[in-house]
>>> print(open('input17.tsv').read())   # TSV, C-alpha atoms and all ligand atoms
chain	number	residue	atom	x	y	z
A	1	MET	CA	150.27	95.19	91.11
A	2	ALA	CA	147.27	93.99	89.05
A	3	SER	CA	146.04	96.54	86.54
A	4	ASP	CA	142.23	96.48	86.88
A	5	ILE	CA	140.65	98.84	89.40
A	6	ILE	CA	137.95	97.05	91.36
A	7	ILE	CA	134.75	99.01	91.93
A	8	VAL	CA	132.39	97.63	94.56
A	9	GLY	CA	128.76	98.59	93.82
A	10	GLN	CA	126.86	99.64	90.72
A	11	GLY	CA	124.59	102.38	92.07
A	12	ILE	CA	125.06	105.86	90.62
A	13	CYS	CA	128.52	106.18	92.27
A	14	GLY	CA	129.99	102.91	91.01
A	15	SER	CA	128.43	103.39	87.59
A	16	LEU	CA	129.74	106.92	87.06
A	17	LEU	CA	133.19	106.24	88.51
A	18	SER	CA	133.54	103.23	86.19
A	19	TRP	CA	132.45	105.45	83.29
A	20	SER	CA	135.00	108.18	84.07
A	21	LEU	CA	137.82	105.66	84.47
A	22	LEU	CA	136.89	103.83	81.26
A	23	GLN	CA	136.94	107.16	79.39
A	24	LYS	CA	140.53	107.61	80.56
A	25	GLY	CA	141.51	104.18	79.25
A	26	ILE	CA	141.70	102.53	82.67
A	27	SER	CA	140.44	98.97	82.93
A	28	VAL	CA	137.94	98.28	85.70
A	29	LYS	CA	135.93	95.43	87.15
A	30	VAL	CA	132.59	96.27	88.75
A	31	TYR	CA	131.12	93.98	91.43
A	32	ASP	CA	127.47	94.27	92.37
A	33	ILE	CA	125.02	92.01	94.12
A	34	ASP	CA	121.69	93.77	94.10
A	35	ALA	CA	121.58	97.12	92.31
A	36	ASP	CA	117.79	96.79	91.92
A	37	HIS	CA	117.51	97.49	95.65
A	38	SER	CA	120.09	100.28	95.73
A	39	ALA	CA	119.35	103.85	96.85
A	40	THR	CA	119.78	104.82	93.22
A	41	ALA	CA	117.01	102.51	92.04
A	42	ALA	CA	114.68	103.96	94.71
A	43	ALA	CA	115.46	107.60	93.90
A	44	SER	CA	113.12	109.97	92.13
A	45	GLY	CA	116.23	111.08	90.25
A	46	ILE	CA	115.58	114.80	90.48
A	47	ILE	CA	118.24	117.43	90.01
A	48	ASN	CA	117.13	120.70	91.59
A	49	PRO	CA	119.40	123.75	91.55
A	50	ILE	CA	117.49	125.81	94.15
A	51	THR	CA	116.70	124.16	97.45
A	52	GLY	CA	115.74	124.78	101.06
A	53	LYS	CA	113.42	127.24	102.74
A	54	ARG	CA	115.65	130.17	101.76
A	55	PHE	CA	115.71	129.26	98.06
A	56	VAL	CA	119.47	129.35	97.69
A	57	LYS	CA	121.60	127.68	95.06
A	58	SER	CA	122.77	124.19	96.02
A	59	TRP	CA	126.47	123.77	96.86
A	60	MET	CA	128.65	124.03	93.69
A	61	VAL	CA	125.58	123.97	91.46
A	62	ASP	CA	127.19	126.06	88.69
A	63	GLU	CA	129.91	123.40	88.29
A	64	LEU	CA	127.79	120.33	89.04
A	65	PHE	CA	124.97	120.89	86.56
A	66	PRO	CA	127.02	121.32	83.37
A	67	ALA	CA	129.00	118.21	84.39
A	68	ALA	CA	125.76	116.25	84.90
A	69	ASP	CA	124.34	117.39	81.54
A	70	LYS	CA	127.55	116.46	79.75
A	71	THR	CA	128.05	113.07	81.40
A	72	TYR	CA	124.44	111.95	81.12
A	73	SER	CA	124.20	112.88	77.46
A	74	GLU	CA	127.52	111.13	76.70
A	75	ILE	CA	126.41	107.94	78.48
A	76	SER	CA	122.97	108.12	76.81
A	77	GLN	CA	124.67	108.25	73.43
A	78	ALA	CA	127.09	105.43	74.22
A	79	ILE	CA	124.45	103.03	75.53
A	80	GLY	CA	121.65	104.16	73.20
A	81	VAL	CA	119.16	104.75	76.01
A	82	HIS	CA	117.53	108.07	76.89
A	83	PHE	CA	117.33	108.17	80.69
A	84	TYR	CA	117.69	111.86	81.60
A	85	GLU	CA	115.29	114.68	80.81
A	86	LYS	CA	115.60	118.41	81.57
A	87	LEU	CA	112.38	119.50	83.24
A	88	PRO	CA	111.18	122.74	84.85
A	89	ILE	CA	110.42	122.58	88.57
A	90	TYR	CA	107.25	124.33	89.73
A	91	LYS	CA	107.80	125.28	93.35
A	92	LEU	CA	104.40	125.82	94.99
A	93	LEU	CA	104.30	128.92	97.15
A	94	GLU	CA	102.68	128.99	100.57
A	95	SER	CA	102.26	132.71	101.23
A	96	VAL	CA	102.71	136.23	99.90
A	97	LYS	CA	105.97	136.33	101.87
A	98	GLU	CA	107.26	133.35	99.88
A	99	GLN	CA	106.20	135.06	96.65
A	100	ASN	CA	108.23	138.11	97.66
A	101	ASP	CA	111.23	136.10	98.87
A	102	LEU	CA	111.46	134.14	95.63
A	103	SER	CA	110.92	137.23	93.49
A	104	ALA	CA	113.82	138.90	95.29
A	105	ARG	CA	116.04	135.82	94.90
A	106	ALA	CA	115.19	135.50	91.20
A	107	THR	CA	116.58	138.93	90.38
A	108	GLU	CA	119.89	138.39	92.22
A	109	THR	CA	123.08	138.16	90.20
A	110	GLY	CA	124.06	134.55	89.61
A	111	TYR	CA	120.48	133.30	89.63
A	112	GLU	CA	119.45	134.46	86.12
A	113	GLN	CA	119.82	131.05	84.44
A	114	TYR	CA	117.66	129.35	87.08
A	115	PHE	CA	114.79	131.87	86.96
A	116	THR	CA	114.06	132.83	83.37
A	117	ASN	CA	110.52	133.86	84.31
A	118	THR	CA	110.29	135.97	87.44
A	119	ASP	CA	106.46	136.14	87.58
A	120	VAL	CA	104.33	133.92	89.78
A	121	GLN	CA	102.78	131.12	87.65
A	122	TYR	CA	99.42	129.57	88.41
A	123	LEU	CA	98.83	125.88	87.70
A	124	ASP	CA	95.33	124.66	86.76
A	125	LYS	CA	93.45	125.19	90.02
A	126	GLY	CA	91.12	122.32	89.11
A	127	LYS	CA	94.14	120.00	89.40
A	128	VAL	CA	96.58	121.54	91.89
A	129	LYS	CA	95.85	123.53	95.04
A	130	ASN	CA	97.99	126.62	94.44
A	131	GLU	CA	96.35	129.65	96.00
A	132	PHE	CA	99.67	131.54	95.99
A	133	GLY	CA	100.83	130.13	92.67
A	134	SER	CA	104.26	128.75	91.92
A	135	PHE	CA	107.71	129.83	90.82
A	136	VAL	CA	109.41	128.08	87.91
A	137	ILE	CA	112.98	126.88	88.51
A	138	ASN	CA	115.01	126.02	85.39
A	139	GLY	CA	118.22	124.07	84.94
A	140	GLY	CA	117.02	120.96	86.74
A	141	GLY	CA	115.77	117.65	85.48
A	142	LYS	CA	115.07	114.05	86.20
A	143	MET	CA	116.81	110.74	85.63
A	144	ASP	CA	114.86	107.50	85.22
A	145	THR	CA	117.15	105.81	87.73
A	146	GLN	CA	115.84	102.27	87.27
A	147	LEU	CA	116.29	102.55	83.51
A	148	PHE	CA	119.79	103.95	83.99
A	149	ILE	CA	120.86	101.19	86.39
A	150	ASN	CA	119.50	98.43	84.14
A	151	SER	CA	120.84	99.76	80.87
A	152	TYR	CA	124.26	100.65	82.27
A	153	ARG	CA	124.46	97.17	83.79
A	154	THR	CA	123.86	95.70	80.31
A	155	PHE	CA	126.60	97.97	78.94
A	156	LEU	CA	129.05	96.68	81.59
A	157	LYS	CA	127.98	93.08	81.00
A	158	ASN	CA	128.52	93.41	77.26
A	159	LYS	CA	132.03	94.68	77.95
A	160	GLY	CA	132.62	91.68	80.23
A	161	ILE	CA	133.49	93.86	83.23
A	162	LEU	CA	130.52	93.26	85.53
A	163	ILE	CA	130.82	90.55	88.15
A	164	GLU	CA	127.50	89.78	89.82
A	165	GLU	CA	128.95	88.73	93.14
A	166	PRO	CA	129.58	90.45	96.46
A	167	PHE	CA	133.08	91.78	97.08
A	168	THR	CA	134.14	91.48	100.72
A	169	TYR	CA	136.37	93.54	103.00
A	170	GLU	CA	138.61	90.51	103.46
A	171	GLN	CA	139.10	90.36	99.68
A	172	ALA	CA	139.91	94.07	99.65
A	173	LEU	CA	142.47	93.68	102.39
A	174	VAL	CA	144.59	91.26	100.33
A	175	SER	CA	143.82	92.71	96.89
A	176	LYS	CA	146.77	93.56	94.66
A	177	SER	CA	144.54	96.02	92.77
A	178	LYS	CA	143.07	99.30	93.95
A	179	VAL	CA	139.60	98.66	95.39
A	180	ILE	CA	137.05	101.48	95.53
A	181	PHE	CA	133.97	101.01	97.66
A	182	CYS	CA	130.86	102.51	96.07
A	183	ASN	CA	128.63	100.36	98.22
A	184	GLY	CA	126.18	102.98	99.44
A	185	TYR	CA	124.98	102.87	103.06
A	186	LYS	CA	126.62	99.47	103.66
A	187	ALA	CA	129.92	101.37	104.01
A	188	ALA	CA	128.58	102.92	107.22
A	189	GLN	CA	127.91	99.52	108.81
A	190	THR	CA	131.19	97.71	108.40
A	191	GLY	CA	134.62	97.91	106.76
A	192	PHE	CA	137.31	100.50	106.31
A	193	PHE	CA	135.16	103.62	106.24
A	194	ARG	CA	132.54	103.06	108.94
A	195	ASP	CA	134.15	105.77	111.14
A	196	LEU	CA	133.31	108.55	108.70
A	197	THR	CA	130.63	111.03	109.82
A	198	TRP	CA	127.67	109.13	108.36
A	199	GLN	CA	124.06	110.15	108.84
A	200	ILE	CA	122.00	107.47	107.17
A	201	VAL	CA	118.52	108.54	106.04
A	202	LYS	CA	115.77	106.21	104.90
A	203	GLY	CA	113.32	107.40	102.26
A	204	GLU	CA	109.92	106.05	101.23
A	205	TYR	CA	108.01	106.90	98.08
A	206	LEU	CA	104.87	106.07	96.13
A	207	LEU	CA	104.15	105.57	92.47
A	208	VAL	CA	100.66	106.91	91.80
A	209	ARG	CA	98.39	106.94	88.78
A	210	ILE	CA	96.98	110.38	87.97
A	211	LYS	CA	94.98	110.88	84.78
A	212	ASP	CA	95.44	113.99	82.60
A	213	PHE	CA	98.11	115.48	84.83
A	214	TYR	CA	101.38	117.39	84.19
A	215	ALA	CA	103.83	115.04	82.48
A	216	ASP	CA	106.10	117.91	81.43
A	217	ARG	CA	107.19	119.23	84.82
A	218	ILE	CA	108.12	118.50	88.41
A	219	ILE	CA	105.81	119.96	91.07
A	220	SER	CA	107.29	120.60	94.47
A	221	GLY	CA	104.98	121.26	97.42
A	222	ASP	CA	104.20	119.30	100.57
A	223	THR	CA	105.81	116.41	98.68
A	224	THR	CA	107.36	116.30	95.20
A	225	ILE	CA	105.44	114.91	92.24
A	226	SER	CA	107.43	114.02	89.15
A	227	PRO	CA	106.56	112.18	85.93
A	228	THR	CA	107.95	108.71	85.20
A	229	SER	CA	108.50	107.14	81.79
A	230	GLU	CA	105.17	105.33	82.14
A	231	LYS	CA	102.09	107.26	81.01
A	232	ASP	CA	99.95	108.63	83.90
A	233	ILE	CA	102.36	107.23	86.53
A	234	TYR	CA	104.01	109.76	88.86
A	235	TYR	CA	106.64	109.44	91.58
A	236	ALA	CA	105.56	111.03	94.88
A	237	GLY	CA	108.07	111.58	97.68
A	238	ALA	CA	110.37	110.93	99.16
A	239	THR	CA	110.28	111.02	102.97
A	240	TYR	CA	113.24	111.61	105.30
A	241	GLN	CA	113.59	109.14	108.20
A	242	TRP	CA	116.68	109.48	110.39
A	243	HIS	CA	115.47	106.75	112.76
A	244	TYR	CA	113.80	103.62	111.49
A	245	GLU	CA	113.25	100.05	112.61
A	246	THR	CA	112.94	98.40	109.22
A	247	GLU	CA	114.41	99.03	105.78
A	248	ALA	CA	111.06	97.98	104.27
A	249	PRO	CA	108.26	100.41	103.35
A	250	THR	CA	105.86	101.21	106.22
A	251	GLU	CA	102.16	102.09	106.41
A	252	GLN	CA	102.98	105.17	108.50
A	253	TYR	CA	105.02	106.83	105.77
A	254	LYS	CA	102.75	105.65	102.99
A	255	ASN	CA	99.96	107.51	104.80
A	256	GLU	CA	102.21	110.56	105.25
A	257	ILE	CA	102.80	110.81	101.48
A	258	ILE	CA	99.09	110.26	100.76
A	259	GLU	CA	98.29	113.09	103.17
A	260	SER	CA	100.77	115.37	101.38
A	261	LEU	CA	99.24	114.48	98.01
A	262	ASN	CA	95.78	115.27	99.38
A	263	LYS	CA	97.09	118.68	100.48
A	264	MET	CA	98.39	119.36	96.95
A	265	LEU	CA	95.85	117.85	94.56
A	266	HIS	CA	92.23	118.31	93.59
A	267	VAL	CA	92.36	115.36	91.19
A	268	PRO	CA	92.07	111.72	92.34
A	269	PHE	CA	95.13	109.44	92.44
A	270	GLU	CA	95.63	105.72	92.88
A	271	VAL	CA	98.67	104.20	94.63
A	272	VAL	CA	100.26	101.56	92.39
A	273	TYR	CA	103.56	100.96	94.24
A	274	HIS	CA	105.17	101.79	97.58
A	275	GLY	CA	108.96	101.56	97.91
A	276	ALA	CA	111.85	102.51	100.18
A	277	GLY	CA	115.59	103.05	99.96
A	278	ILE	CA	118.47	104.04	102.25
A	279	ARG	CA	120.43	107.20	101.48
A	280	PRO	CA	124.17	107.10	102.26
A	281	SER	CA	124.27	110.60	103.72
A	282	ALA	CA	127.13	112.46	105.34
A	283	LYS	CA	126.54	114.55	108.46
A	284	TYR	CA	128.26	117.62	106.95
A	285	ARG	CA	126.66	117.09	103.51
A	286	ARG	CA	129.86	116.62	101.56
A	287	PRO	CA	130.71	113.48	99.61
A	288	PHE	CA	133.28	110.99	100.92
A	289	ILE	CA	136.02	110.53	98.32
A	290	GLY	CA	139.60	109.26	98.28
A	291	PHE	CA	141.88	106.60	99.69
A	292	HIS	CA	142.23	105.29	103.21
A	293	PRO	CA	145.27	106.82	105.00
A	294	GLU	CA	146.40	103.37	106.26
A	295	TYR	CA	145.11	100.92	103.61
A	296	LYS	CA	146.34	103.03	100.73
A	297	HIS	CA	144.98	100.81	97.94
A	298	VAL	CA	141.43	100.99	99.37
A	299	GLY	CA	139.25	103.93	98.36
A	300	ILE	CA	135.71	105.19	98.69
A	301	PHE	CA	133.29	107.15	96.48
A	302	ASN	CA	130.17	107.64	98.55
A	303	GLY	CA	128.26	109.94	100.94
A	304	MET	CA	126.13	111.57	98.23
A	305	GLY	CA	123.13	111.77	100.57
A	306	THR	CA	120.04	113.32	99.02
A	307	LYS	CA	121.87	114.52	95.90
A	308	GLY	CA	123.56	111.55	94.28
A	309	ILE	CA	122.20	112.29	90.84
A	310	SER	CA	123.63	115.83	90.70
A	311	LEU	CA	126.86	115.30	92.67
A	312	SER	CA	128.20	112.07	91.17
A	313	PRO	CA	128.99	113.10	87.58
A	314	TYR	CA	131.27	115.98	88.62
A	315	PHE	CA	132.89	114.10	91.50
A	316	ALA	CA	133.37	110.86	89.54
A	317	GLU	CA	135.45	112.86	87.08
A	318	HIS	CA	137.20	114.68	89.95
A	319	PHE	CA	138.13	111.34	91.59
A	320	ALA	CA	139.15	109.75	88.28
A	321	GLU	CA	141.50	112.70	87.65
A	322	HIS	CA	143.00	112.11	91.09
A	323	ILE	CA	143.45	108.38	90.49
A	324	VAL	CA	144.83	108.65	86.96
A	325	ASN	CA	146.64	112.00	86.92
A	326	GLY	CA	147.31	112.64	90.60
A	327	LYS	CA	145.16	115.80	90.70
A	328	GLU	CA	144.53	116.97	94.28
A	329	LEU	CA	141.10	116.22	95.74
A	330	LEU	CA	139.06	119.07	97.19
A	331	PRO	CA	140.08	119.08	100.89
A	332	GLU	CA	136.47	119.01	102.13
A	333	VAL	CA	135.69	115.76	100.31
A	334	ASP	CA	139.01	113.95	100.82
A	335	VAL	CA	138.41	111.18	103.38
A	336	LYS	CA	142.06	111.22	104.34
A	337	ASN	CA	141.51	114.56	106.07
A	338	ILE	CA	138.30	113.40	107.74
A	339	LEU	CA	139.72	110.07	109.01
A	340	ILE	CA	142.93	111.62	110.33
A	341	LYS	CA	140.97	114.33	112.19
A	342	SER	CA	138.53	111.88	113.82
A	401	LIG	C1	113.76	107.31	98.29
A	401	LIG	C2	114.96	108.07	97.79
A	401	LIG	C3	114.78	109.15	96.94
A	401	LIG	C4	115.91	109.85	96.45
A	401	LIG	N1	115.72	110.87	95.57
A	401	LIG	C5	116.80	111.50	95.04
A	401	LIG	C6	116.66	112.51	94.05
A	401	LIG	O1	115.54	112.84	93.63
A	401	LIG	N2	117.78	113.12	93.57
A	401	LIG	C7	119.03	112.77	93.99
A	401	LIG	O2	120.02	113.35	93.53
A	401	LIG	N3	119.21	111.81	94.93
A	401	LIG	C8	118.13	111.17	95.44
A	401	LIG	N4	118.30	110.20	96.38
A	401	LIG	C9	119.65	109.92	96.86
A	401	LIG	C10	120.43	109.06	95.88
A	401	LIG	O3	119.62	107.99	95.54
A	401	LIG	C11	121.74	108.59	96.51
A	401	LIG	O4	122.54	109.71	96.83
A	401	LIG	C12	122.53	107.72	95.55
A	401	LIG	O5	121.70	106.83	94.88
A	401	LIG	C13	123.60	106.94	96.29
A	401	LIG	O6	124.24	106.14	95.33
A	401	LIG	P1	125.36	105.10	95.71
A	401	LIG	O7	125.88	104.58	94.45
A	401	LIG	O8	126.29	105.71	96.71
A	401	LIG	O9	124.58	103.95	96.55
A	401	LIG	P2	123.55	102.86	96.04
A	401	LIG	O10	122.72	103.39	94.96
A	401	LIG	O11	122.87	102.32	97.25
A	401	LIG	O12	124.46	101.73	95.41
A	401	LIG	C14	125.28	100.88	96.19
A	401	LIG	C15	125.42	99.56	95.45
A	401	LIG	O13	126.43	98.78	96.09
A	401	LIG	C16	126.05	97.43	96.05
A	401	LIG	N5	126.78	96.72	97.10
A	401	LIG	C17	126.75	96.95	98.44
A	401	LIG	N6	127.62	96.13	99.07
A	401	LIG	C18	128.23	95.39	98.10
A	401	LIG	C19	129.24	94.37	98.13
A	401	LIG	N7	129.82	93.98	99.26
A	401	LIG	N8	129.62	93.80	96.95
A	401	LIG	C20	129.06	94.22	95.78
A	401	LIG	N9	128.11	95.18	95.70
A	401	LIG	C21	127.71	95.76	96.84
A	401	LIG	C22	124.54	97.47	96.26
A	401	LIG	O14	123.93	96.30	95.74
A	401	LIG	C23	124.16	98.70	95.46
A	401	LIG	O15	123.82	98.38	94.13
A	401	LIG	C24	117.20	109.47	96.86
A	401	LIG	C25	117.37	108.36	97.70
A	401	LIG	C26	116.26	107.67	98.17
A	401	LIG	C27	116.47	106.47	99.04
>>> encode(input="input17.tsv", output="structure tokens", more="lines below")
Ligand SMILES: Cc1cc2nc3c(=O)[nH]c(=O)nc-3n(C[C@H](O)[C@H](O)[C@H](O)COP(=O)(O)OP(=O)(O)OC[C@H]3O[C@@H](n4cnc5c(N)ncnc54)[C@H](O)[C@@H]3O)c2cc1C
Amino acid sequence: MASDIIIVGQGICGSLLSWSLLQKGISVKVYDIDADHSATAAASGIINPITGKRFVKSWMVDELFPAADKTYSEISQAIGVHFYEKLPIYKLLESVKEQNDLSARATETGYEQYFTNTDVQYLDKGKVKNEFGSFVINGGGKMDTQLFINSYRTFLKNKGILIEEPFTYEQALVSKSKVIFCNGYKAAQTGFFRDLTWQIVKGEYLLVRIKDFYADRIISGDTTISPTSEKDIYYAGATYQWHYETEAPTEQYKNEIIESLNKMLHVPFEVVYHGAGIRPSAKYRRPFIGFHPEYKHVGIFNGMGTKGISLSPYFAEHFAEHIVNGKELLPEVDVKNILIKS
């Protein structure tokens, strides 16, 4: 049996799994063809602990966020690039009912660290339409995903472990090494894991120029506006498209985001870029991790859906512990259970 573990894909999943394995002294080879067009490169990179209409904590947030903080700061240090920033999230409120709902949630046990200020905050009404104000959510942040992908790729290249070629299913079939597919939504189209409960979701986004705006926070309303590392340039989006005819950006969704921005802003904005990406989402919103029950040397680390940036650090370590030390996988993420059931 060859010693290197082969990782297919250098999005957030392949990058973080390679990192966790390298930290445990395991040698890896990472194959990637086009990480610049990955879901990771298209992502706004936001980590948000409180989501949904009911303002509840995201699944496993108390474990996921410390893991993300730790991993991202360790990688930042190792590669000498600052790509992750903790930022407050200003959730715009739509009604007095929402003000009351969030105030009630903020005082619940277990939510203290995410709501350090339980008063409604008003943003500059000359800039942002916020009749009912906003609530500040702490503990989240934002990764510059493009910067991360590029700088981590250089790190892998310098170590001589990146191979800029596709890795095929036929190669995996005859491989003497373990092969772990971190190939994003492509895993749903073909190969060993296409029978998992995928629910692929396209997302479109805009980069917009806004002068004298809020570079120190994320603002979540009809769409989400977050700062980028470029001065006056903000990420707006993304959309959710369960059915789509093209993977390319479309006028329809560009206009939808512009409409949302118009609903949120009093200040002018200029569109400087329009992009799209495909999220590898799982129907039951749990990652797909583990080895194939039949092809036992073939694994998957995928299905992160809308939350790849917050889920992958914890689960990369979880999977690496399974691979290296035989630690049991959480039953709800272990693909063995899902594939045997289906
Ligand atoms: C528009 C948009 C906005 C998003 N915003 C957020 C956000 O704010 N916060 C958040 O947490 N998540 C967000 N997400 C979701 C997040 O981006 C995904 O969960 C995550 O990036 C998935 O990572 P991945 O590594 O599984 O897949 P990908 O990032 O798609 O990476 C897969 C990689 O595999 C490579 N590959 C495929 N096939 C092969 C092959 N045969 N050989 C070699 N290489 C191969 C591809 O080139 C690619 O680089 C967003 C997604 C989109 C599309």
>>> closest_residue(input="input17.tsv", among="A:Val174, A:Val96, A:Leu17, A:Leu102", to="Phe55 of chain A", atoms="only C-alpha atoms")
A:Leu102
>>> residues_near_ligand(input="input17.tsv", ligand="ligand LIG 401 (chain A)", cutoff="7 Å", atoms="only C-alpha atoms and all ligand atoms", output="PyMOL selection string")
chain A and resi 8-14+31-47+165-168+182-186+202-205+238-239+276-280+302-310
>>> residues_around(input="input17.tsv", residues="segment 22-30 of chain A", least_positions_apart="4", cutoff="9 Å", atoms="only C-alpha atoms", output="PDB file with C-alpha atoms, in the frame of the given file")
ATOM      1  CA  SER A   3     146.040  96.540  86.540  1.00  0.00           C
ATOM      2  CA  ASP A   4     142.230  96.480  86.880  1.00  0.00           C
ATOM      3  CA  ILE A   5     140.650  98.840  89.400  1.00  0.00           C
ATOM      4  CA  ILE A   6     137.950  97.050  91.360  1.00  0.00           C
ATOM      5  CA  ILE A   7     134.750  99.010  91.930  1.00  0.00           C
ATOM      6  CA  VAL A   8     132.390  97.630  94.560  1.00  0.00           C
ATOM      7  CA  GLY A   9     128.760  98.590  93.820  1.00  0.00           C
ATOM      8  CA  GLN A  10     126.860  99.640  90.720  1.00  0.00           C
ATOM      9  CA  GLY A  14     129.990 102.910  91.010  1.00  0.00           C
ATOM     10  CA  SER A  15     128.430 103.390  87.590  1.00  0.00           C
ATOM     11  CA  LEU A  17     133.190 106.240  88.510  1.00  0.00           C
ATOM     12  CA  SER A  18     133.540 103.230  86.190  1.00  0.00           C
ATOM     13  CA  LEU A 156     129.050  96.680  81.590  1.00  0.00           C
ATOM     14  CA  GLY A 160     132.620  91.680  80.230  1.00  0.00           C
ATOM     15  CA  ILE A 161     133.490  93.860  83.230  1.00  0.00           C
ATOM     16  CA  LEU A 162     130.520  93.260  85.530  1.00  0.00           C
ATOM     17  CA  ILE A 163     130.820  90.550  88.150  1.00  0.00           C
ATOM     18  CA  GLU A 164     127.500  89.780  89.820  1.00  0.00           C
ATOM     19  CA  ALA A 320     139.150 109.750  88.280  1.00  0.00           C
ATOM     20  CA  GLU A 321     141.500 112.700  87.650  1.00  0.00           C
ATOM     21  CA  VAL A 324     144.830 108.650  86.960  1.00  0.00           C
TER      22      VAL A 324
END
>>> atom_distance(input="input17.tsv", atom1="atom CA of Glu332 of chain A", atom2="atom CA of Asp62 of chain A")
17.8 Å
>>> closest_residue(input="input17.tsv", among="A:Ala187, A:Leu206, A:Ile257, A:Ile289", to="Gly221 of chain A", atoms="all atoms listed in the file")
A:Ile257
>>> closest_residue(input="input17.tsv", among="A:Ile137, A:Val333, A:Val201, A:Leu64", to="Arg217 of chain A", atoms="all atoms listed in the file")
A:Ile137
>>> closest_residue(input="input17.tsv", among="A:Lys231, A:Ala316, A:Ile258, A:Tyr295", to="Ala68 of chain A", atoms="all atoms listed in the file")
A:Ala316
>>> residues_around(input="input17.tsv", residues="Tyr84 of chain A", least_positions_apart="3", cutoff="12 Å", atoms="all atoms listed in the file", output="ChimeraX atom specification")
/A:44-47,68-77,81,87,140-148,227-229,309-310
>>> atom_distance(input="input17.tsv", atom1="atom CA of Arg194 of chain A", atom2="atom CA of Leu21 of chain A")
25.2 Å
>>> atom_distance(input="input17.tsv", atom1="atom CA of Leu92 of chain A", atom2="atom CA of Gln199 of chain A")
28.7 Å
>>> closest_residue(input="input17.tsv", among="A:Ala282, A:Leu173, A:Ile200, A:Val128", to="Phe213 of chain A", atoms="only C-alpha atoms")
A:Val128
